[in-house]
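Here is the file my_file-v7.pdb (PDB, C-alpha atoms).
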ATOM      1  CA  MET Q   1     304.646  62.612  87.362
ATOM      2  CA  ARG Q   2     307.306  60.264  88.713
ATOM      3  CA  ALA Q   3     309.890  58.874  86.305
ATOM      4  CA  ASP Q   4     308.594  55.305  86.692
ATOM      5  CA  ALA Q   5     305.040  56.464  86.021
ATOM      6  CA  VAL Q   6     306.186  58.247  82.847
ATOM      7  CA  ARG Q   7     308.002  55.083  81.722
ATOM      8  CA  ASN Q   8     304.947  52.917  82.503
ATOM      9  CA  ARG Q   9     302.659  55.231  80.538
ATOM     10  CA  ALA Q  10     304.969  55.234  77.512
ATOM     11  CA  ARG Q  11     305.357  51.450  77.726
ATOM     12  CA  LEU Q  12     301.591  50.953  77.899
ATOM     13  CA  VAL Q  13     301.063  53.067  74.779
ATOM     14  CA  GLU Q  14     303.844  51.229  72.940
ATOM     15  CA  ILE Q  15     302.511  47.793  73.887
ATOM     16  CA  ALA Q  16     298.898  48.742  73.180
ATOM     17  CA  ASP Q  17     299.934  50.047  69.764
ATOM     18  CA  GLU Q  18     301.740  46.785  68.956
ATOM     19  CA  LEU Q  19     298.914  44.588  70.225
ATOM     20  CA  PHE Q  20     296.172  46.591  68.517
ATOM     21  CA  ALA Q  21     298.087  46.400  65.236
ATOM     22  CA  ALA Q  22     298.716  42.655  65.578
ATOM     23  CA  ARG Q  23     295.439  41.465  67.099
ATOM     24  CA  GLY Q  24     292.885  44.212  66.581
ATOM     25  CA  HIS Q  25     291.259  46.602  69.009
ATOM     26  CA  GLY Q  26     289.445  43.886  70.910
ATOM     27  CA  VAL Q  27     292.607  43.169  72.903
ATOM     28  CA  SER Q  28     291.768  43.436  76.582
ATOM     29  CA  THR Q  29     293.346  45.919  78.950
ATOM     30  CA  GLU Q  30     294.415  42.914  81.041
ATOM     31  CA  THR Q  31     296.381  41.534  78.087
ATOM     32  CA  ILE Q  32     297.988  44.933  77.510
ATOM     33  CA  ALA Q  33     298.911  45.253  81.194
ATOM     34  CA  LYS Q  34     300.440  41.781  81.289
ATOM     35  CA  ALA Q  35     302.471  42.392  78.106
ATOM     36  CA  ALA Q  36     303.698  45.706  79.534
ATOM     37  CA  GLY Q  37     304.694  44.049  82.803
ATOM     38  CA  VAL Q  38     302.309  46.084  84.959
ATOM     39  CA  GLY Q  39     299.072  45.470  86.780
ATOM     40  CA  VAL Q  40     295.733  46.349  85.215
ATOM     41  CA  GLY Q  41     295.325  49.054  87.874
ATOM     42  CA  THR Q  42     298.321  50.834  86.359
ATOM     43  CA  VAL Q  43     296.588  50.846  82.974
ATOM     44  CA  PHE Q  44     293.489  52.453  84.470
ATOM     45  CA  ARG Q  45     295.506  54.970  86.497
ATOM     46  CA  HIS Q  46     296.916  56.316  83.235
ATOM     47  CA  PHE Q  47     293.921  55.619  81.007
ATOM     48  CA  PRO Q  48     290.567  55.525  82.815
ATOM     49  CA  THR Q  49     288.941  53.865  79.802
ATOM     50  CA  LYS Q  50     290.089  51.766  76.888
ATOM     51  CA  GLU Q  51     288.894  54.622  74.673
ATOM     52  CA  ALA Q  52     291.381  56.928  76.411
ATOM     53  CA  LEU Q  53     294.156  54.441  75.631
ATOM     54  CA  LEU Q  54     293.016  54.245  71.993
ATOM     55  CA  ARG Q  55     293.104  58.049  71.806
ATOM     56  CA  GLU Q  56     296.667  58.118  73.108
ATOM     57  CA  VAL Q  57     297.770  55.394  70.674
ATOM     58  CA  TYR Q  58     296.255  57.359  67.778
ATOM     59  CA  VAL Q  59     297.890  60.642  68.771
ATOM     60  CA  THR Q  60     301.222  58.913  69.366
ATOM     61  CA  ARG Q  61     301.107  57.425  65.872
ATOM     62  CA  LEU Q  62     300.505  60.872  64.390
ATOM     63  CA  GLU Q  63     303.332  62.350  66.468
ATOM     64  CA  ARG Q  64     305.635  59.599  65.175
ATOM     65  CA  LEU Q  65     304.700  60.537  61.608
ATOM     66  CA  VAL Q  66     305.663  64.144  62.311
ATOM     67  CA  ASP Q  67     308.939  63.061  63.900
ATOM     68  CA  ARG Q  68     309.706  60.780  60.972
ATOM     69  CA  ALA Q  69     309.000  63.545  58.445
ATOM     70  CA  GLU Q  70     311.337  65.894  60.303
ATOM     71  CA  THR Q  71     314.069  63.252  60.495
ATOM     72  CA  LEU Q  72     313.790  62.502  56.786
ATOM     73  CA  MET Q  73     313.912  66.203  55.902
ATOM     74  CA  ALA Q  74     316.990  66.686  58.066
ATOM     75  CA  HIS Q  75     318.948  63.702  56.736
ATOM     76  CA  ARG Q  76     317.921  63.098  53.147
ATOM     77  CA  GLU Q  77     317.689  64.943  49.883
ATOM     78  CA  PRO Q  78     314.194  66.542  49.578
ATOM     79  CA  GLY Q  79     312.878  64.260  46.824
ATOM     80  CA  GLU Q  80     314.147  61.158  48.558
ATOM     81  CA  ALA Q  81     312.702  62.381  51.889
ATOM     82  CA  PHE Q  82     309.309  62.962  50.273
ATOM     83  CA  PHE Q  83     309.050  59.536  48.667
ATOM     84  CA  ALA Q  84     310.438  57.748  51.730
ATOM     85  CA  PHE Q  85     307.834  59.482  53.892
ATOM     86  CA  ILE Q  86     305.028  58.510  51.510
ATOM     87  CA  THR Q  87     306.134  54.875  51.584
ATOM     88  CA  GLU Q  88     306.410  54.814  55.378
ATOM     89  CA  ALA Q  89     303.109  56.638  55.858
ATOM     90  CA  VAL Q  90     301.392  54.043  53.683
ATOM     91  CA  ASP Q  91     303.041  51.244  55.688
ATOM     92  CA  TRP Q  92     301.660  52.776  58.898
ATOM     93  CA  ALA Q  93     298.258  53.703  57.467
ATOM     94  CA  ALA Q  94     296.428  50.426  58.032
ATOM     95  CA  ALA Q  95     297.080  50.442  61.786
ATOM     96  CA  LYS Q  96     296.341  54.178  62.059
ATOM     97  CA  ASN Q  97     293.119  53.813  60.066
ATOM     98  CA  ALA Q  98     292.000  50.839  62.152
ATOM     99  CA  THR Q  99     292.503  52.851  65.329
ATOM    100  CA  ALA Q 100     290.618  55.806  63.856
ATOM    101  CA  GLU Q 101     287.749  53.462  62.901
ATOM    102  CA  ALA Q 102     287.684  52.015  66.430
ATOM    103  CA  LEU Q 103     287.479  55.543  67.847
ATOM    104  CA  VAL Q 104     284.675  56.489  65.460
ATOM    105  CA  ALA Q 105     282.817  53.295  66.411
ATOM    106  CA  ALA Q 106     283.105  54.425  70.048
ATOM    107  CA  GLY Q 107     281.494  57.744  69.093
ATOM    108  CA  VAL Q 108     284.723  59.758  69.189
ATOM    109  CA  ASP Q 109     285.395  62.621  66.782
ATOM    110  CA  VAL Q 110     288.855  61.720  65.462
ATOM    111  CA  ALA Q 111     289.529  65.316  64.420
ATOM    112  CA  ASP Q 112     289.116  66.371  68.058
ATOM    113  CA  VAL Q 113     291.564  63.698  69.164
ATOM    114  CA  ALA Q 114     294.177  64.934  66.674
ATOM    115  CA  VAL Q 115     293.587  68.666  67.152
ATOM    116  CA  ASP Q 116     296.932  69.307  68.876
ATOM    117  CA  VAL Q 117     299.124  67.316  66.470
ATOM    118  CA  ALA Q 118     297.257  68.050  63.212
ATOM    119  CA  PRO Q 119     298.938  71.442  62.583
ATOM    120  CA  ASP Q 120     302.384  69.861  63.002
ATOM    121  CA  LEU Q 121     301.475  67.040  60.643
ATOM    122  CA  ARG Q 122     300.112  69.476  58.026
ATOM    123  CA  ARG Q 123     303.267  71.609  58.311
ATOM    124  CA  ALA Q 124     305.563  68.590  57.920
ATOM    125  CA  PHE Q 125     303.518  67.399  54.970
ATOM    126  CA  ARG Q 126     303.671  70.840  53.289
ATOM    127  CA  ASP Q 127     307.421  71.101  53.964
ATOM    128  CA  LEU Q 128     308.110  67.666  52.471
ATOM    129  CA  LEU Q 129     306.058  68.516  49.384
ATOM    130  CA  ALA Q 130     307.629  71.980  49.006
ATOM    131  CA  GLY Q 131     311.132  70.514  49.261
ATOM    132  CA  ALA Q 132     310.380  67.840  46.680
ATOM    133  CA  LYS Q 133     308.889  70.449  44.332
ATOM    134  CA  ARG Q 134     311.872  72.754  44.830
ATOM    135  CA  VAL Q 135     314.299  70.095  43.569
ATOM    136  CA  GLY Q 136     312.017  68.986  40.736
ATOM    137  CA  ALA Q 137     311.254  65.556  42.202
ATOM    138  CA  VAL Q 138     307.504  66.171  42.277
ATOM    139  CA  ARG Q 139     305.216  67.774  39.721
ATOM    140  CA  PRO Q 140     304.860  71.512  40.316
ATOM    141  CA  ASP Q 141     301.048  71.521  40.125
ATOM    142  CA  LEU Q 142     300.637  69.121  43.052
ATOM    143  CA  GLU Q 143     299.089  70.858  46.052
ATOM    144  CA  PRO Q 144     298.825  69.545  49.626
ATOM    145  CA  ALA Q 145     295.032  69.040  49.495
ATOM    146  CA  ALA Q 146     295.242  66.932  46.336
ATOM    147  CA  LEU Q 147     298.189  64.955  47.693
ATOM    148  CA  SER Q 148     296.312  64.307  50.929
ATOM    149  CA  ALA Q 149     293.328  62.942  49.016
ATOM    150  CA  LEU Q 150     295.602  60.783  46.883
ATOM    151  CA  LEU Q 151     297.296  59.398  49.994
ATOM    152  CA  VAL Q 152     293.953  58.315  51.409
ATOM    153  CA  GLY Q 153     293.339  56.339  48.231
ATOM    154  CA  LEU Q 154     296.891  55.010  48.195
ATOM    155  CA  ALA Q 155     296.568  53.798  51.777
ATOM    156  CA  ARG Q 156     293.360  51.943  50.939
ATOM    157  CA  ALA Q 157     294.913  50.462  47.791
ATOM    158  CA  ALA Q 158     297.920  49.325  49.822
ATOM    159  CA  GLU Q 159     295.623  47.676  52.393
ATOM    160  CA  HIS Q 160     293.869  45.853  49.564
ATOM    161  CA  ALA Q 161     297.197  44.655  48.093
ATOM    162  CA  LYS Q 162     298.947  43.913  51.413
ATOM    163  CA  ASP Q 163     298.977  40.148  50.914
ATOM    164  CA  ASP Q 164     300.505  40.428  47.437
ATOM    165  CA  PRO Q 165     303.966  42.051  47.579
ATOM    166  CA  ILE Q 166     304.152  42.341  43.784
ATOM    167  CA  ALA Q 167     300.808  44.139  43.596
ATOM    168  CA  LEU Q 168     301.763  46.385  46.512
ATOM    169  CA  ALA Q 169     305.050  47.333  44.863
ATOM    170  CA  ALA Q 170     303.171  48.094  41.628
ATOM    171  CA  VAL Q 171     300.661  50.307  43.463
ATOM    172  CA  LEU Q 172     303.474  52.301  45.075
ATOM    173  CA  ASP Q 173     305.382  52.563  41.774
ATOM    174  CA  VAL Q 174     302.344  53.860  39.914
ATOM    175  CA  PHE Q 175     301.737  56.405  42.654
ATOM    176  CA  ARG Q 176     305.370  57.572  42.641
ATOM    177  CA  ASP Q 177     305.351  57.834  38.846
ATOM    178  CA  GLY Q 178     302.192  59.913  38.976
ATOM    179  CA  MET Q 179     303.798  62.356  41.435
ATOM    180  CA  ARG Q 180     306.853  62.980  39.275
ATOM    181  CA  PRO Q 181     306.984  65.880  36.805
ATOM    182  CA  HIS Q 182     305.840  65.143  33.274
ATOM    183  CA  PRO Q 183     308.557  65.357  30.615
ATOM    184  CA  ALA Q 184     308.384  68.555  28.599
TER     185      ALA Q 184
END
Show me, as structure tokens, the structure contained in the file I just sent.
Amino acid sequence: MRADAVRNRARLVEIADELFAARGHGVSTETIAKAAGVGVGTVFRHFPTKEALLREVYVTRLERLVDRAETLMAHREPGEAFFAFITEAVDWAAAKNATAEALVAAGVDVADVAVDVAPDLRRAFRDLLAGAKRVGAVRPDLEPAALSALLVGLARAAEHAKDDPIALAAVLDVFRDGMRPHPA
């Protein structure tokens, strides 16, 4: 693929992600093309359907989560990296969940869409948790499956409290406190 085509594709995904998050998934491909500074034909050359664009936005979000986890692990103390990732993942969850719901509404199996990135995300998640456990920042009995389930609930709670910064901060604090080891 030509360099300009690669740039256009990346720009379309970036703009679509921003517009979907800000305005919902009803945003037209024409609006996305205009905001990206390309013609609508360019959108359809890269993404033959809006569903294909939604798929790419979803996968890109998951890839960004993996990248962010790896960056945090490389540059922060393990406990700090773990809790920073949790906070950022919750911040990103509403947009990711909305895209997943739009895909499901279109009859798409979201697990199939994420099949290539899911192992990387699970590995990053396990590595963050293992690092936090190793330094005593997280309770030793916490396993990835339980943490994953808790994060789903946390993301929904955060969506519910999004318009109340005090409530949102309290939700995150209670979650963090629950993850920490119990005093002996």
Tell me which residues the PyMOL selection byres ((chain Q and resi 13) around 9) grabs here, as a ChimeraX atom specification.
-> /Q:8-12,14-18,53-54,56-57,60
9 Å contact set for Ile32 (chain Q), only C-alpha atoms, chain neighbours under 4 positions out, as a PyMOL selection string = chain Q and resi 12+15-16+19+27-28+36-38+40+43
Write out as a VMD selection string each polymer residue whose atoms come within 10 Å of Arg68 (chain Q), counting all atoms listed in the file; drop sequence neighbours fewer than 3 positions from it.
-> chain Q and resid 62 to 65 71 to 74 81 84 to 85 88 to 89 124
Return the single residue from Q:Glu159, Q:Asp127, Q:Asp116, Q:Asp4 that is closest to Ala95 (chain Q), with distances computed using all atoms listed in the file.
->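 Comparing Q:Glu159, Q:Asp127, Q:Asp116, Q:Asp4 against Ala95 (chain Q), the winner is Q:Glu159.
Across the model, the gap from CA of Arg7 (chain Q) to CA of Ala35 (chain Q) is 14.3 Å.
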I need the residue set behind the PyMOL selection byres ((chain Q and resi 142) around 12) for this file; please write it as a VMD selection string.
-> chain Q and resid 126 129 to 130 132 to 134 136 to 141 143 to 150 178 to 182
Test item: axis-aligned box, all listed atoms of region 12-24 of chain Q, 4 Å on each side, centre and edges in Å rounded to one decimal, as lines of an AutoDock Vina configuration file:
center_x = 298.4
center_y = 47.3
center_z = 71.6
size_x = 19.0
size_y = 19.6
size_z = 20.7
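With distances restricted to all atoms listed in the file, Q:Gly131 is the closest residue to Glu77 (chain Q) from Q:Pro48, Q:Gly24, Q:Gly131, Q:Gly39.
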Contacts of His160 (chain Q) within 12 Å, all atoms listed in the file, excl. fewer than 5 positions in-chain, as a PyMOL selection string = chain Q and resi 90+93-94+153-155+165+167-168+171
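You can rank Q:Asp109, Q:Asp164, Q:Glu30, Q:Glu80 by their closest distance to Phe44 (chain Q) using only C-alpha atoms, and at the top of that list sits Q:Glu30.
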Point out the residue among Q:Leu128, Q:Ala100, Q:Val110, Q:Ala118 with the least atom-to-atom distance to Phe83 (chain Q), counting only C-alpha atoms.
->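 Among Q:Leu128, Q:Ala100, Q:Val110, Q:Ala118, it is Q:Leu128 that comes nearest to Phe83 (chain Q).
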Is there a way to get, as a list in words, all residues within 8 Å of the point (289.0, 57.9, 73.8) in file coordinates, counting only C-alpha atoms?
->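 Neighbouring residues, ordered by chain and number, come to Thr49, Lys50, Glu51, Ala52, Leu53, Leu54, Arg55, Glu56, Leu103, Ala106, Val108 and Val113 of chain Q.
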Figure out the distance between CA of Ala169 (chain Q) and CA of Phe125 (chain Q), please, to one decimal in Å.
-> 22.5 Å
Interatomic distance (Å, one decimal) between CA of Val115 (chain Q) and CA of Ala33 (chain Q) |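 Those two atoms sit 27.8 Å apart.
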Which of these, Q:Glu101, Q:Asp120, Q:Asp67, Q:Asp173, has the shortest distance to Thr87 (chain Q) once you count only C-alpha atoms?
->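 Nearest candidate to Thr87 (chain Q) out of Q:Glu101, Q:Asp120, Q:Asp67, Q:Asp173: Q:Asp173.
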Selected residue of minimal separation from Gly26 (chain Q) among Q:Ala98, Q:Val135, Q:Val117, Q:Val66, counting only C-alpha atoms =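 The shortest atom-to-atom distance to Gly26 (chain Q) comes from Q:Ala98.
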As a tab-separated table (two decimals), in the frame of the given file, could you write out region 2-20 of chain Q once it has been completed with N, CA and C atoms?
chain	number	residue	atom	x	y	z
Q	2	ARG	N	306.05	60.96	88.40
Q	2	ARG	CA	307.31	60.26	88.71
Q	2	ARG	C	307.89	59.62	87.45
Q	3	ALA	N	309.20	59.44	87.47
Q	3	ALA	CA	309.89	58.87	86.30
Q	3	ALA	C	309.36	57.48	85.96
Q	4	ASP	N	309.10	56.65	86.98
Q	4	ASP	CA	308.59	55.30	86.69
Q	4	ASP	C	307.19	55.36	86.12
Q	5	ALA	N	306.39	56.31	86.56
Q	5	ALA	CA	305.04	56.46	86.02
Q	5	ALA	C	305.09	56.91	84.56
Q	6	VAL	N	306.02	57.79	84.23
Q	6	VAL	CA	306.19	58.25	82.85
Q	6	VAL	C	306.61	57.06	81.97
Q	7	ARG	N	307.56	56.27	82.47
Q	7	ARG	CA	308.00	55.08	81.72
Q	7	ARG	C	306.85	54.09	81.54
Q	8	ASN	N	306.08	53.85	82.60
Q	8	ASN	CA	304.95	52.92	82.50
Q	8	ASN	C	303.93	53.39	81.47
Q	9	ARG	N	303.63	54.68	81.49
Q	9	ARG	CA	302.66	55.23	80.54
Q	9	ARG	C	303.15	55.03	79.10
Q	10	ALA	N	304.40	55.39	78.86
Q	10	ALA	CA	304.97	55.23	77.51
Q	10	ALA	C	304.98	53.76	77.10
Q	11	ARG	N	305.32	52.89	78.02
Q	11	ARG	CA	305.36	51.45	77.73
Q	11	ARG	C	303.96	50.92	77.42
Q	12	LEU	N	302.97	51.38	78.16
Q	12	LEU	CA	301.59	50.95	77.90
Q	12	LEU	C	301.13	51.37	76.50
Q	13	VAL	N	301.46	52.58	76.11
Q	13	VAL	CA	301.06	53.07	74.78
Q	13	VAL	C	301.77	52.25	73.71
Q	14	GLU	N	303.06	52.01	73.91
Q	14	GLU	CA	303.84	51.23	72.94
Q	14	GLU	C	303.28	49.81	72.79
Q	15	ILE	N	303.03	49.16	73.91
Q	15	ILE	CA	302.51	47.79	73.89
Q	15	ILE	C	301.10	47.76	73.31
Q	16	ALA	N	300.26	48.70	73.72
Q	16	ALA	CA	298.90	48.74	73.18
Q	16	ALA	C	298.93	48.93	71.67
Q	17	ASP	N	299.80	49.81	71.20
Q	17	ASP	CA	299.93	50.05	69.76
Q	17	ASP	C	300.30	48.74	69.05
Q	18	GLU	N	301.30	48.04	69.57
Q	18	GLU	CA	301.74	46.78	68.96
Q	18	GLU	C	300.63	45.73	68.98
Q	19	LEU	N	299.96	45.60	70.11
Q	19	LEU	CA	298.91	44.59	70.22
Q	19	LEU	C	297.69	44.93	69.38
Q	20	PHE	N	297.31	46.19	69.36
Q	20	PHE	CA	296.17	46.59	68.52
Q	20	PHE	C	296.48	46.31	67.05
